[in-house]
$ cat target-v5.cif   # mmCIF, C-alpha atoms
data_protein
#
loop_
_atom_site.label_atom_id
_atom_site.label_comp_id
_atom_site.auth_asym_id
_atom_site.auth_seq_id
_atom_site.Cartn_x
_atom_site.Cartn_y
_atom_site.Cartn_z
CA MET W 21 -22.73 -23.78 -10.79
CA ALA W 22 -21.28 -20.48 -9.67
CA ILE W 23 -17.93 -20.28 -7.89
CA LEU W 24 -16.96 -17.66 -5.32
CA HIS W 25 -13.34 -16.55 -5.78
CA THR W 26 -11.59 -14.62 -3.00
CA LEU W 27 -8.58 -12.46 -3.87
CA ASN W 28 -6.35 -11.02 -1.16
CA LYS W 29 -3.45 -9.49 -3.12
CA PRO W 30 -3.27 -6.05 -4.78
CA PRO W 31 -3.06 -5.43 -8.56
CA SER W 32 0.75 -5.38 -8.45
CA HIS W 33 0.55 -9.17 -8.20
CA ALA W 34 -0.12 -9.34 -11.92
CA ALA W 35 0.46 -13.05 -12.45
CA LEU W 36 -2.01 -13.97 -9.71
CA THR W 37 -4.61 -11.59 -11.13
CA SER W 38 -4.14 -13.08 -14.61
CA GLU W 39 -4.57 -16.61 -13.37
CA LEU W 40 -7.78 -15.69 -11.60
CA THR W 41 -9.08 -13.79 -14.62
CA ASN W 42 -8.41 -16.79 -16.86
CA ALA W 43 -10.19 -19.15 -14.48
CA LEU W 44 -13.38 -17.07 -14.30
CA LEU W 45 -16.59 -18.41 -15.79
CA SER W 46 -19.48 -16.13 -16.68
CA ASP W 47 -21.52 -16.85 -13.52
CA ASP W 48 -18.67 -16.52 -11.06
CA ALA W 49 -18.31 -13.95 -8.31
CA VAL W 50 -15.15 -12.34 -7.00
CA LEU W 51 -14.79 -11.22 -3.38
CA LEU W 52 -11.96 -8.80 -2.65
CA ILE W 53 -10.47 -9.18 0.83
CA GLU W 54 -7.40 -7.83 2.66
CA ASP W 55 -5.03 -6.18 0.15
CA GLY W 56 -7.27 -7.42 -2.68
CA VAL W 57 -9.60 -4.49 -1.99
CA TYR W 58 -7.09 -2.24 -3.77
CA HIS W 59 -8.37 -3.71 -7.04
CA ALA W 60 -11.47 -1.58 -6.48
CA LEU W 61 -9.42 1.47 -7.49
CA GLU W 62 -9.14 -0.02 -10.98
CA ILE W 63 -12.64 -1.40 -11.56
CA GLU W 64 -13.70 1.49 -13.77
CA ASN W 65 -10.70 0.92 -16.04
CA PRO W 66 -12.04 -0.25 -19.41
CA GLU W 67 -8.91 -2.36 -19.98
CA ASN W 68 -9.46 -4.23 -16.74
CA SER W 69 -10.51 -7.74 -17.73
CA LEU W 70 -10.88 -9.20 -14.24
CA PHE W 71 -13.99 -7.16 -13.58
CA ALA W 72 -15.30 -7.34 -17.10
CA LYS W 73 -15.56 -11.13 -16.75
CA ALA W 74 -16.92 -11.54 -13.23
CA ALA W 75 -20.70 -11.65 -12.86
CA LYS W 76 -20.60 -10.16 -9.39
CA ILE W 77 -17.94 -8.24 -7.51
CA TYR W 78 -17.96 -8.00 -3.72
CA VAL W 79 -15.67 -6.09 -1.39
CA LEU W 80 -15.19 -7.00 2.27
CA LYS W 81 -16.30 -4.01 4.33
CA ASP W 82 -13.80 -4.01 7.20
CA ASP W 83 -10.82 -4.39 4.87
CA ALA W 84 -12.06 -1.65 2.51
CA LEU W 85 -12.80 0.88 5.22
CA CYS W 86 -9.51 0.17 6.97
CA ARG W 87 -7.58 0.98 3.77
CA GLY W 88 -9.65 4.01 2.76
CA ILE W 89 -11.15 2.31 -0.29
CA SER W 90 -14.62 3.45 -1.30
CA THR W 91 -16.76 0.91 -3.10
CA PRO W 92 -17.35 1.63 -6.78
CA SER W 93 -20.87 1.28 -8.20
CA LYS W 94 -20.03 -2.00 -9.94
CA ALA W 95 -19.20 -3.69 -6.63
CA LYS W 96 -21.09 -4.48 -3.44
CA LEU W 97 -19.74 -4.00 0.08
CA VAL W 98 -20.30 -7.06 2.29
CA THR W 99 -19.87 -7.75 6.00
CA TYR W 100 -18.30 -10.92 7.45
CA ASP W 101 -21.76 -12.39 7.99
CA GLU W 102 -22.67 -11.72 4.39
CA PHE W 103 -19.37 -13.34 3.36
CA VAL W 104 -20.43 -16.49 5.16
CA LYS W 105 -23.80 -16.37 3.43
CA LEU W 106 -22.14 -15.94 0.03
CA SER W 107 -20.00 -19.01 0.67
CA THR W 108 -23.08 -21.13 1.26
CA GLU W 109 -24.76 -19.77 -1.85
CA HIS W 110 -21.94 -20.75 -4.20
CA HIS W 111 -20.91 -24.19 -5.38
CA LYS W 112 -17.44 -23.78 -3.92
CA VAL W 113 -14.98 -21.13 -2.77
CA ILE W 114 -11.50 -20.75 -4.27
CA SER W 115 -8.93 -18.64 -2.40
CA TRP W 116 -6.39 -16.83 -4.60
CA TYR W 117 -3.35 -15.71 -2.61
CA MET F 26 52.91 7.29 8.13
CA THR F 27 49.78 9.36 7.65
CA GLU F 28 47.81 10.38 10.68
CA HIS F 29 44.10 10.04 10.61
CA THR F 30 42.57 13.07 12.29
CA PRO F 31 39.01 12.52 13.38
CA LYS F 32 36.53 15.19 12.24
CA GLN F 33 35.38 17.70 14.81
CA GLY F 34 31.81 18.22 15.83
CA ASN F 35 28.73 16.24 14.91
CA ALA F 36 28.97 16.56 11.12
CA SER F 37 30.61 13.18 10.58
CA LEU F 38 28.03 11.44 12.75
CA THR F 39 25.12 12.60 10.63
CA LYS F 40 24.21 10.51 7.65
CA ASN F 41 21.74 11.21 4.91
CA MET F 42 19.40 8.26 5.18
CA LEU F 43 16.82 7.28 2.57
CA ILE F 44 14.07 4.94 3.71
CA VAL F 45 12.28 3.32 0.78
CA ASN F 46 8.80 1.93 1.32
CA GLN F 47 7.36 -0.41 -1.28
CA ALA F 48 4.77 -2.43 0.68
CA ALA F 49 1.06 -1.83 1.19
CA PRO F 50 0.03 -1.14 4.78
CA TYR F 51 -1.86 -3.38 7.24
CA SER F 52 -1.32 -6.86 5.77
CA LYS F 53 2.38 -6.77 6.54
CA SER F 54 4.26 -4.86 9.20
CA ASN F 55 6.70 -3.19 6.76
CA ALA F 56 5.01 0.20 6.91
CA LYS F 57 5.05 0.36 10.68
CA GLU F 58 8.64 -0.87 10.94
CA ALA F 59 9.85 1.67 8.38
CA LEU F 60 8.19 4.39 10.41
CA ASP F 61 9.83 3.16 13.61
CA LEU F 62 13.23 3.36 11.92
CA ALA F 63 12.51 6.85 10.56
CA LEU F 64 11.58 8.13 14.00
CA ALA F 65 14.56 6.50 15.70
CA ALA F 66 17.02 7.84 13.11
CA ALA F 67 15.54 11.35 13.25
CA THR F 68 15.70 11.30 17.04
CA PHE F 69 19.43 10.62 16.73
CA ASP F 70 19.82 13.63 14.43
CA GLN F 71 20.12 11.77 11.14
CA ASP F 72 18.98 13.42 7.92
CA VAL F 73 16.02 11.23 7.07
CA ASN F 74 14.09 11.24 3.81
CA ILE F 75 11.37 8.76 2.97
CA LEU F 76 10.36 7.52 -0.48
CA PHE F 77 7.04 5.77 -1.17
CA THR F 78 7.06 3.63 -4.28
CA GLY F 79 5.08 0.68 -5.66
CA ASP F 80 2.34 -0.59 -3.33
CA ALA F 81 3.53 1.78 -0.59
CA CYS F 82 1.54 4.52 -2.35
CA TYR F 83 -1.47 2.89 -0.71
CA GLN F 84 -0.07 4.06 2.65
CA LEU F 85 -0.87 7.61 1.60
CA LEU F 86 -4.54 7.17 0.72
CA ASN F 87 -7.12 9.41 2.27
CA GLN F 88 -9.84 8.30 4.70
CA GLN F 89 -8.17 5.21 6.07
CA GLN F 90 -10.01 3.89 9.11
CA PRO F 91 -7.68 1.29 10.63
CA GLU F 92 -9.93 0.86 13.68
CA TYR F 93 -11.71 -1.68 11.46
CA ALA F 94 -8.57 -3.83 11.57
CA ASP F 95 -7.45 -2.98 15.11
CA SER F 96 -4.45 -1.19 13.63
CA LYS F 97 -2.79 2.16 14.07
CA ASN F 98 -3.41 4.86 11.48
CA ILE F 99 -0.34 5.02 9.24
CA THR F 100 -1.25 8.40 7.75
CA ARG F 101 -1.67 10.06 11.13
CA MET F 102 1.78 8.87 12.09
CA LEU F 103 3.21 10.10 8.78
CA LYS F 104 1.75 13.56 9.38
CA ALA F 105 3.64 13.72 12.67
CA LEU F 106 7.04 13.05 11.06
CA PRO F 107 8.07 16.68 10.50
CA ILE F 108 7.72 17.26 14.24
CA TYR F 109 10.37 14.62 14.82
CA GLY F 110 12.74 16.19 12.33
CA VAL F 111 12.24 13.88 9.36
CA ASN F 112 13.03 15.86 6.21
CA GLU F 113 11.12 15.10 3.08
CA LEU F 114 8.51 12.60 2.06
CA TYR F 115 8.60 11.62 -1.60
CA VAL F 116 6.19 9.56 -3.65
CA ASP F 117 6.85 7.86 -6.98
CA SER F 118 4.49 9.58 -9.42
CA GLU F 119 4.51 6.63 -11.84
CA SER F 120 3.50 4.20 -9.08
CA MET F 121 0.62 6.49 -8.18
CA ALA F 122 -0.53 6.81 -11.78
CA CYS F 123 -0.58 3.10 -12.53
CA ARG F 124 -2.62 2.50 -9.36
CA ASN F 125 -5.15 5.17 -10.31
CA ILE F 126 -4.34 7.26 -7.25
CA ASP F 127 -5.06 10.95 -7.83
CA GLU F 128 -5.19 12.38 -4.38
CA LEU F 129 -3.35 11.71 -1.19
CA ALA F 130 -4.32 12.17 2.44
CA ASP F 131 -5.13 15.71 3.57
CA GLY F 132 -2.50 17.56 5.49
CA LEU F 133 0.28 15.30 4.31
CA SER F 134 3.11 17.13 2.64
CA VAL F 135 4.60 14.76 0.07
CA LYS F 136 6.57 15.60 -3.06
CA GLN F 137 5.89 13.68 -6.24
CA VAL F 138 9.07 12.53 -7.96
CA SER F 139 9.93 11.13 -11.36
CA PRO F 140 12.14 8.07 -12.02
CA GLU F 141 15.08 10.41 -12.73
CA GLU F 142 14.63 12.19 -9.43
CA ILE F 143 14.38 8.83 -7.67
CA LYS F 144 17.76 7.85 -9.13
CA GLN F 145 19.19 11.02 -7.59
CA LEU F 146 17.67 10.19 -4.22
CA TYR F 147 19.40 6.82 -4.26
CA GLN F 148 22.68 8.44 -5.34
CA ASN F 149 22.64 11.22 -2.76
CA ALA F 150 21.95 9.07 0.26
CA ASP F 151 24.68 7.75 2.53
CA ALA F 152 22.47 4.89 3.56
CA VAL F 153 19.41 3.36 1.91
CA ILE F 154 17.09 0.96 3.66
CA ARG F 155 14.18 -0.67 1.89
CA PHE F 156 11.07 -2.01 3.52
#
$ encode --input "target-v5.cif" --output "structure tokens"
Amino acid sequence: MAILHTLNKPPSHAALTSELTNALLSDDAVLLIEDGVYHALEIENPENSLFAKAAKIYVLKDDALCRGISTPSKAKLVTYDEFVKLSTEHHKVISWY
Amino acid sequence: MTEHTPKQGNASLTKNMLIVNQAAPYSKSNAKEALDLALAAATFDQDVNILFTGDACYQLLNQQQPEYADSKNITRMLKALPIYGVNELYVDSESMACRNIDELADGLSVKQVSPEEIKQLYQNADAVIRF
């Protein structure tokens, strides 16, 4: 059953990003929130394994717009309400911080 | 006994100050606090230069809309710095490259610097404060 992972730290937190990448299963979704939205700048990077593994990638709208991050085609912008809906649709939510 | 003669004029009261930013904006208050210090120091006639390195490069991104987080716009405040007498803004070109940042906010005059140039910045300053 699919897990929703939230990530709120930028790519410079390499150890955290690695741990999350290693924990991902093929069905899982990643939601980028707060400073985690900065990962969106690196989604298109072919070496980036975090996004290669995740089935779905979501970006929290308010946090992305605040920071000037535009959503890449591989990801979907979601509102707070949609965030809530995503949480109910997944088996559980794991917060990576 | 040697006499210590104090220097005349304001020259001895002016320090070359380097403010080094390394934090991303909004989640922490580092960016705002660094800016407050820069403005205060410039107001008191210090020679202020600011370096953006590491995650602080994110402070310089274009199209930030901080109204979404009830915050003040960092870039708008940075653009106003020359008016207050802050000297140069520098950004670490390697930090930008590894974060995939090609362009910075419009109207912001920032010089890209290499690691060697950054060493010089640290050497030349009388005071260095990191945020």
$ interface_residues --input "target-v5.cif" --of "chain W" --to "chain F" --cutoff "7 Å" --atoms "all atoms listed in the file" --output "list in words"
Glu54, Asp55, Leu61, Glu62, Asp82, Leu85, Cys86, Arg87 and Gly88 of chain W
$ resolve_selection --input "target-v5.cif" --expression "the PyMOL selection byres ((chain W and resi 99) around 12)" --output "PyMOL selection string"
(chain W and resi 51-53+78-85+96-98+100-106) or (chain F and resi 93)
$ resolve_selection --input "target-v5.cif" --expression "the PyMOL selection byres ((chain W and resi 45) around 10)" --output "PyMOL selection string"
chain W and resi 21-23+41-44+46-49+73-75
$ resolve_selection --input "target-v5.cif" --expression "the PyMOL selection byres ((chain F and resi 59) around 9)" --output "JSON, numbers by chain"
{"F": [44, 45, 46, 54, 55, 56, 57, 58, 60, 61, 62, 63, 64, 154, 155, 156]}
$ closest_residue --input "target-v5.cif" --among "F:Ala48, F:Leu103, F:Leu76, F:Ala81" --to "F:Tyr147" --atoms "only C-alpha atoms"
F:Leu76
$ residues_near_point --input "target-v5.cif" --point "(17.8, 9.4, 15.5)" --cutoff "12 Å" --atoms "all atoms listed in the file" --output "list in words"
Leu38, Thr39, Lys40, Asn41, Met42, Leu60, Asp61, Leu62, Ala63, Leu64, Ala65, Ala66, Ala67, Thr68, Phe69, Asp70, Gln71, Asp72, Val73, Tyr109, Gly110 and Val111 of chain F
$ atom_distance --input "target-v5.cif" --atom1 "atom CA of W:Phe71" --atom2 "atom CA of W:Asn28"
15.1 Å
$ atom_distance --input "target-v5.cif" --atom1 "atom CA of W:Thr26" --atom2 "atom CA of F:Asp117"
29.3 Å
$ axis_aligned_box --input "target-v5.cif" --around "stretch 41-54 of chain W" --padding-each-side "6 Å" --output "lines of an AutoDock Vina configuration file"
center_x = -14.5
center_y = -13.5
center_z = -7.1
size_x = 26.1
size_y = 23.3
size_z = 31.5
$ residues_around --input "target-v5.cif" --residues "stretch 33-40 of chain W" --least-positions-apart "4" --cutoff "10 Å" --atoms "all atoms listed in the file" --output "count of residues only"
14
